[in-house]
Amino acid sequence: MATQAAALFMGTCSGHGKANGVVWQPGPGGGFANPCPHASLAPQINTRAMPIADNFATWPPWPQLPLTPIVRNVIINKLVPIIDQDDLIPHPTFTQHITMSVGFKCFTVRNTPAWHCTLGTSAGREAPSGHARRLFATTKTVFINKRRAGRFADPFGNGTTPFPCLSVVSGSSKNVFIGG
């Protein structure tokens, strides 16, 4: 594995997503929402897991900040390093999808936030504040306080519903490097 810059609580993550909203229902979310009319946050609007939702929305680069204050006895370039299992602030999306419902003498079109259409841990949906981010370090040889050190391009998610983030570390040291 290649040597990469040390991950730091600085800058932003890479962000992820491939689009800025679509017609969600009917579309990737399934058929028309029913009954008609439907609310923007109607419970019958279908969710999809992040690997699918990521094709239709954008989670922009977001600050690499700790979820709770961190005190660490190792400092790199006067900044706190990110290490394995550190939780970061949630990663929001501002993407809006279109949802439609059809019924007897009824046709309704609504803007529905992409977070409402994404599978998550808040009553089965992504929370309005965004999905959780946790560093999953990839080094096998470098440890800080008995936990693996984070590096540039390490993932902030592991593909599970609790940690679906597809972003990677972007904020990193300019002169401290960590091997595989």
# chains A, B, ... in the order shown; residues from 1 in each chain; ligands from 1
$ residues_around --residues "region 164-173 of chain A" --least-positions-apart "2" --cutoff "8 Å" --atoms "only C-alpha atoms" --output "NGL selection string"
:A and (5-16 or 50 or 64 or 76-77 or 91 or 131-133 or 151-162 or 175-177)
$ residues_around --residues "Gly103 (chain A)" --least-positions-apart "3" --cutoff "7 Å" --atoms "only C-alpha atoms" --output "ChimeraX atom specification"
/A:35-36,106-107
$ atom_distance --atom1 "CA of Phe94 (chain A)" --atom2 "CA of Phe136 (chain A)"
25.1 Å
$ residues_around --residues "region 114-124 of chain A" --least-positions-apart "5" --cutoff "8 Å" --atoms "only C-alpha atoms" --output "PDB file with C-alpha atoms, in the first residue's frame"
ATOM      1  CA  GLY A  21     -31.700  15.827  -8.390  1.00  0.00           C
ATOM      2  CA  GLY A  29     -37.627   5.612  -6.168  1.00  0.00           C
ATOM      3  CA  LEU A  41     -42.000  14.406   3.285  1.00  0.00           C
ATOM      4  CA  ILE A  45     -41.900   8.134  -0.646  1.00  0.00           C
ATOM      5  CA  ASN A  46     -39.454   5.275  -1.149  1.00  0.00           C
ATOM      6  CA  THR A  47     -35.861   5.255   0.050  1.00  0.00           C
ATOM      7  CA  ARG A  48     -32.803   3.770  -1.624  1.00  0.00           C
ATOM      8  CA  ALA A  49     -29.444   2.845  -0.092  1.00  0.00           C
ATOM      9  CA  MET A  50     -26.480   5.177  -0.609  1.00  0.00           C
ATOM     10  CA  ALA A  53     -28.959   7.385  -4.038  1.00  0.00           C
ATOM     11  CA  ALA A  57     -27.837  13.504  -5.618  1.00  0.00           C
ATOM     12  CA  PRO A  92     -25.605  16.948   4.469  1.00  0.00           C
ATOM     13  CA  THR A  93     -27.094  17.102   1.000  1.00  0.00           C
ATOM     14  CA  PHE A  94     -28.988  20.088  -0.367  1.00  0.00           C
ATOM     15  CA  THR A  95     -30.252  18.217  -3.450  1.00  0.00           C
ATOM     16  CA  GLN A  96     -33.986  18.292  -4.168  1.00  0.00           C
ATOM     17  CA  HIS A  97     -35.812  15.566  -6.070  1.00  0.00           C
ATOM     18  CA  GLY A 130     -26.959  14.470   6.921  1.00  0.00           C
ATOM     19  CA  HIS A 131     -25.442  11.022   7.302  1.00  0.00           C
ATOM     20  CA  THR A 161     -26.591   2.021   6.835  1.00  0.00           C
ATOM     21  CA  PRO A 162     -25.078   3.612   9.978  1.00  0.00           C
TER      22      PRO A 162
END
$ residues_around --residues "Ile89 (chain A)" --least-positions-apart "6" --cutoff "6 Å" --atoms "only C-alpha atoms" --output "list of chain:residue names"
A:Leu65, A:Pro66, A:Leu67
$ select_by_dssp --residues "region 17-132 of chain A" --states "helix (DSSP H, G or I)" --output "MDAnalysis selection string"
chainID A and resid 50:53 114:117
$ decode --residues "region 34-169 of chain A" --atoms "C-alpha atoms" --output "PDB file, in the first residue's frame"
ATOM      1  CA  ASN A  34     -49.834   7.418  -3.516  1.00  0.00           C
ATOM      2  CA  PRO A  35     -52.289   8.597  -2.347  1.00  0.00           C
ATOM      3  CA  CYS A  36     -52.729  11.847  -4.231  1.00  0.00           C
ATOM      4  CA  PRO A  37     -52.002  14.522  -3.162  1.00  0.00           C
ATOM      5  CA  HIS A  38     -48.843  13.639  -1.231  1.00  0.00           C
ATOM      6  CA  ALA A  39     -46.696  15.775   1.065  1.00  0.00           C
ATOM      7  CA  SER A  40     -43.041  16.544   0.307  1.00  0.00           C
ATOM      8  CA  LEU A  41     -42.000  14.406   3.285  1.00  0.00           C
ATOM      9  CA  ALA A  42     -44.699  11.754   2.881  1.00  0.00           C
ATOM     10  CA  PRO A  43     -43.883   8.399   4.471  1.00  0.00           C
ATOM     11  CA  GLN A  44     -44.801   6.550   1.269  1.00  0.00           C
ATOM     12  CA  ILE A  45     -41.900   8.134  -0.646  1.00  0.00           C
ATOM     13  CA  ASN A  46     -39.454   5.275  -1.149  1.00  0.00           C
ATOM     14  CA  THR A  47     -35.861   5.255   0.050  1.00  0.00           C
ATOM     15  CA  ARG A  48     -32.803   3.770  -1.624  1.00  0.00           C
ATOM     16  CA  ALA A  49     -29.444   2.845  -0.092  1.00  0.00           C
ATOM     17  CA  MET A  50     -26.480   5.177  -0.609  1.00  0.00           C
ATOM     18  CA  PRO A  51     -24.887   3.263  -3.522  1.00  0.00           C
ATOM     19  CA  ILE A  52     -28.081   3.969  -5.510  1.00  0.00           C
ATOM     20  CA  ALA A  53     -28.959   7.385  -4.038  1.00  0.00           C
ATOM     21  CA  ASP A  54     -25.414   8.580  -4.811  1.00  0.00           C
ATOM     22  CA  ASN A  55     -26.193   8.379  -8.539  1.00  0.00           C
ATOM     23  CA  PHE A  56     -28.977  10.956  -8.241  1.00  0.00           C
ATOM     24  CA  ALA A  57     -27.837  13.504  -5.618  1.00  0.00           C
ATOM     25  CA  THR A  58     -24.729  15.330  -4.394  1.00  0.00           C
ATOM     26  CA  TRP A  59     -23.186  15.528  -0.948  1.00  0.00           C
ATOM     27  CA  PRO A  60     -20.702  18.406  -1.400  1.00  0.00           C
ATOM     28  CA  PRO A  61     -17.217  18.570   0.123  1.00  0.00           C
ATOM     29  CA  TRP A  62     -17.849  19.234   3.817  1.00  0.00           C
ATOM     30  CA  PRO A  63     -15.599  20.353   6.699  1.00  0.00           C
ATOM     31  CA  GLN A  64     -13.530  17.622   8.329  1.00  0.00           C
ATOM     32  CA  LEU A  65     -14.477  18.551  11.893  1.00  0.00           C
ATOM     33  CA  PRO A  66     -14.846  16.218  14.883  1.00  0.00           C
ATOM     34  CA  LEU A  67     -18.366  15.388  16.064  1.00  0.00           C
ATOM     35  CA  THR A  68     -17.294  16.027  19.659  1.00  0.00           C
ATOM     36  CA  PRO A  69     -14.204  17.803  21.033  1.00  0.00           C
ATOM     37  CA  ILE A  70     -11.051  15.694  20.789  1.00  0.00           C
ATOM     38  CA  VAL A  71      -7.994  15.993  23.002  1.00  0.00           C
ATOM     39  CA  ARG A  72      -5.050  14.019  21.726  1.00  0.00           C
ATOM     40  CA  ASN A  73      -1.407  13.854  22.831  1.00  0.00           C
ATOM     41  CA  VAL A  74      -0.173  13.636  19.213  1.00  0.00           C
ATOM     42  CA  ILE A  75      -0.284  16.799  17.100  1.00  0.00           C
ATOM     43  CA  ILE A  76       0.791  17.132  13.457  1.00  0.00           C
ATOM     44  CA  ASN A  77       1.598  20.616  12.132  1.00  0.00           C
ATOM     45  CA  LYS A  78      -0.298  22.093  15.121  1.00  0.00           C
ATOM     46  CA  LEU A  79      -3.450  20.165  14.136  1.00  0.00           C
ATOM     47  CA  VAL A  80      -5.191  17.091  15.558  1.00  0.00           C
ATOM     48  CA  PRO A  81      -4.805  13.965  13.406  1.00  0.00           C
ATOM     49  CA  ILE A  82      -7.860  11.930  12.421  1.00  0.00           C
ATOM     50  CA  ILE A  83      -7.494   8.315  13.523  1.00  0.00           C
ATOM     51  CA  ASP A  84      -9.489   5.114  13.048  1.00  0.00           C
ATOM     52  CA  GLN A  85     -13.094   5.282  14.291  1.00  0.00           C
ATOM     53  CA  ASP A  86     -13.096   9.075  14.819  1.00  0.00           C
ATOM     54  CA  ASP A  87     -16.601  10.445  14.177  1.00  0.00           C
ATOM     55  CA  LEU A  88     -16.993  13.647  12.185  1.00  0.00           C
ATOM     56  CA  ILE A  89     -19.867  16.116  11.891  1.00  0.00           C
ATOM     57  CA  PRO A  90     -22.745  14.876   9.666  1.00  0.00           C
ATOM     58  CA  HIS A  91     -22.524  15.162   5.884  1.00  0.00           C
ATOM     59  CA  PRO A  92     -25.605  16.948   4.469  1.00  0.00           C
ATOM     60  CA  THR A  93     -27.094  17.102   1.000  1.00  0.00           C
ATOM     61  CA  PHE A  94     -28.988  20.088  -0.367  1.00  0.00           C
ATOM     62  CA  THR A  95     -30.252  18.217  -3.450  1.00  0.00           C
ATOM     63  CA  GLN A  96     -33.986  18.292  -4.168  1.00  0.00           C
ATOM     64  CA  HIS A  97     -35.812  15.566  -6.070  1.00  0.00           C
ATOM     65  CA  ILE A  98     -39.214  15.764  -7.740  1.00  0.00           C
ATOM     66  CA  THR A  99     -41.945  13.414  -6.552  1.00  0.00           C
ATOM     67  CA  MET A 100     -45.320  13.007  -8.233  1.00  0.00           C
ATOM     68  CA  SER A 101     -48.625  11.467  -7.247  1.00  0.00           C
ATOM     69  CA  VAL A 102     -51.622  10.720  -9.452  1.00  0.00           C
ATOM     70  CA  GLY A 103     -55.187   9.962  -8.433  1.00  0.00           C
ATOM     71  CA  PHE A 104     -58.819  10.688  -9.315  1.00  0.00           C
ATOM     72  CA  LYS A 105     -58.863  14.334 -10.473  1.00  0.00           C
ATOM     73  CA  CYS A 106     -55.469  14.778  -8.838  1.00  0.00           C
ATOM     74  CA  PHE A 107     -51.947  15.302 -10.101  1.00  0.00           C
ATOM     75  CA  THR A 108     -49.384  16.613  -7.620  1.00  0.00           C
ATOM     76  CA  VAL A 109     -45.733  17.525  -8.079  1.00  0.00           C
ATOM     77  CA  ARG A 110     -43.545  18.270  -5.058  1.00  0.00           C
ATOM     78  CA  ASN A 111     -39.909  19.003  -4.256  1.00  0.00           C
ATOM     79  CA  THR A 112     -38.656  16.326  -1.876  1.00  0.00           C
ATOM     80  CA  PRO A 113     -35.227  16.609  -0.221  1.00  0.00           C
ATOM     81  CA  ALA A 114     -32.784  13.892  -1.278  1.00  0.00           C
ATOM     82  CA  TRP A 115     -32.096  13.037   2.376  1.00  0.00           C
ATOM     83  CA  HIS A 116     -35.754  11.956   2.686  1.00  0.00           C
ATOM     84  CA  CYS A 117     -35.211   9.552  -0.227  1.00  0.00           C
ATOM     85  CA  THR A 118     -31.991   8.046   1.169  1.00  0.00           C
ATOM     86  CA  LEU A 119     -31.936   5.033   3.481  1.00  0.00           C
ATOM     87  CA  GLY A 120     -30.606   5.983   6.899  1.00  0.00           C
ATOM     88  CA  THR A 121     -30.814   5.626  10.656  1.00  0.00           C
ATOM     89  CA  SER A 122     -33.418   8.342  11.351  1.00  0.00           C
ATOM     90  CA  ALA A 123     -36.703   6.396  11.177  1.00  0.00           C
ATOM     91  CA  GLY A 124     -35.296   4.552   8.146  1.00  0.00           C
ATOM     92  CA  ARG A 125     -34.197   7.722   6.348  1.00  0.00           C
ATOM     93  CA  GLU A 126     -31.132   9.918   6.301  1.00  0.00           C
ATOM     94  CA  ALA A 127     -31.454  12.684   8.902  1.00  0.00           C
ATOM     95  CA  PRO A 128     -32.032  16.240   7.630  1.00  0.00           C
ATOM     96  CA  SER A 129     -28.610  17.156   9.082  1.00  0.00           C
ATOM     97  CA  GLY A 130     -26.959  14.470   6.921  1.00  0.00           C
ATOM     98  CA  HIS A 131     -25.442  11.022   7.302  1.00  0.00           C
ATOM     99  CA  ALA A 132     -22.799   9.991   9.800  1.00  0.00           C
ATOM    100  CA  ARG A 133     -19.115  10.021   8.885  1.00  0.00           C
ATOM    101  CA  ARG A 134     -16.529   7.856  10.624  1.00  0.00           C
ATOM    102  CA  LEU A 135     -12.946   7.331   9.560  1.00  0.00           C
ATOM    103  CA  PHE A 136     -12.065   3.782   8.572  1.00  0.00           C
ATOM    104  CA  ALA A 137      -8.254   3.831   8.508  1.00  0.00           C
ATOM    105  CA  THR A 138      -6.493   1.698   5.917  1.00  0.00           C
ATOM    106  CA  THR A 139      -2.940   1.620   7.269  1.00  0.00           C
ATOM    107  CA  LYS A 140      -1.877  -1.652   8.840  1.00  0.00           C
ATOM    108  CA  THR A 141       1.379  -0.426  10.368  1.00  0.00           C
ATOM    109  CA  VAL A 142       1.060   3.097  11.857  1.00  0.00           C
ATOM    110  CA  PHE A 143      -0.794   3.739  15.116  1.00  0.00           C
ATOM    111  CA  ILE A 144      -1.606   6.820  17.186  1.00  0.00           C
ATOM    112  CA  ASN A 145      -2.762   6.129  20.745  1.00  0.00           C
ATOM    113  CA  LYS A 146      -3.220   2.431  19.862  1.00  0.00           C
ATOM    114  CA  ARG A 147      -5.538   3.213  16.925  1.00  0.00           C
ATOM    115  CA  ARG A 148      -4.610   3.140  13.238  1.00  0.00           C
ATOM    116  CA  ALA A 149      -3.628   6.521  11.814  1.00  0.00           C
ATOM    117  CA  GLY A 150      -5.830   8.128   9.165  1.00  0.00           C
ATOM    118  CA  ARG A 151      -4.400   8.996   5.762  1.00  0.00           C
ATOM    119  CA  PHE A 152      -5.299  10.943   2.650  1.00  0.00           C
ATOM    120  CA  ALA A 153      -8.016   9.048   0.686  1.00  0.00           C
ATOM    121  CA  ASP A 154      -9.126   6.884   3.645  1.00  0.00           C
ATOM    122  CA  PRO A 155     -12.922   6.381   3.587  1.00  0.00           C
ATOM    123  CA  PHE A 156     -15.425   8.126   5.882  1.00  0.00           C
ATOM    124  CA  GLY A 157     -17.878   5.238   5.552  1.00  0.00           C
ATOM    125  CA  ASN A 158     -17.933   1.458   5.398  1.00  0.00           C
ATOM    126  CA  GLY A 159     -20.956   0.826   3.179  1.00  0.00           C
ATOM    127  CA  THR A 160     -23.372   0.137   6.049  1.00  0.00           C
ATOM    128  CA  THR A 161     -26.591   2.021   6.835  1.00  0.00           C
ATOM    129  CA  PRO A 162     -25.078   3.612   9.978  1.00  0.00           C
ATOM    130  CA  PHE A 163     -21.973   4.772   8.045  1.00  0.00           C
ATOM    131  CA  PRO A 164     -22.925   5.091   4.344  1.00  0.00           C
ATOM    132  CA  CYS A 165     -20.643   8.005   3.434  1.00  0.00           C
ATOM    133  CA  LEU A 166     -18.732   7.594   0.168  1.00  0.00           C
ATOM    134  CA  SER A 167     -16.395  10.551   0.788  1.00  0.00           C
ATOM    135  CA  VAL A 168     -12.714  10.189   1.544  1.00  0.00           C
ATOM    136  CA  VAL A 169     -10.168  12.253   3.461  1.00  0.00           C
TER     137      VAL A 169
END
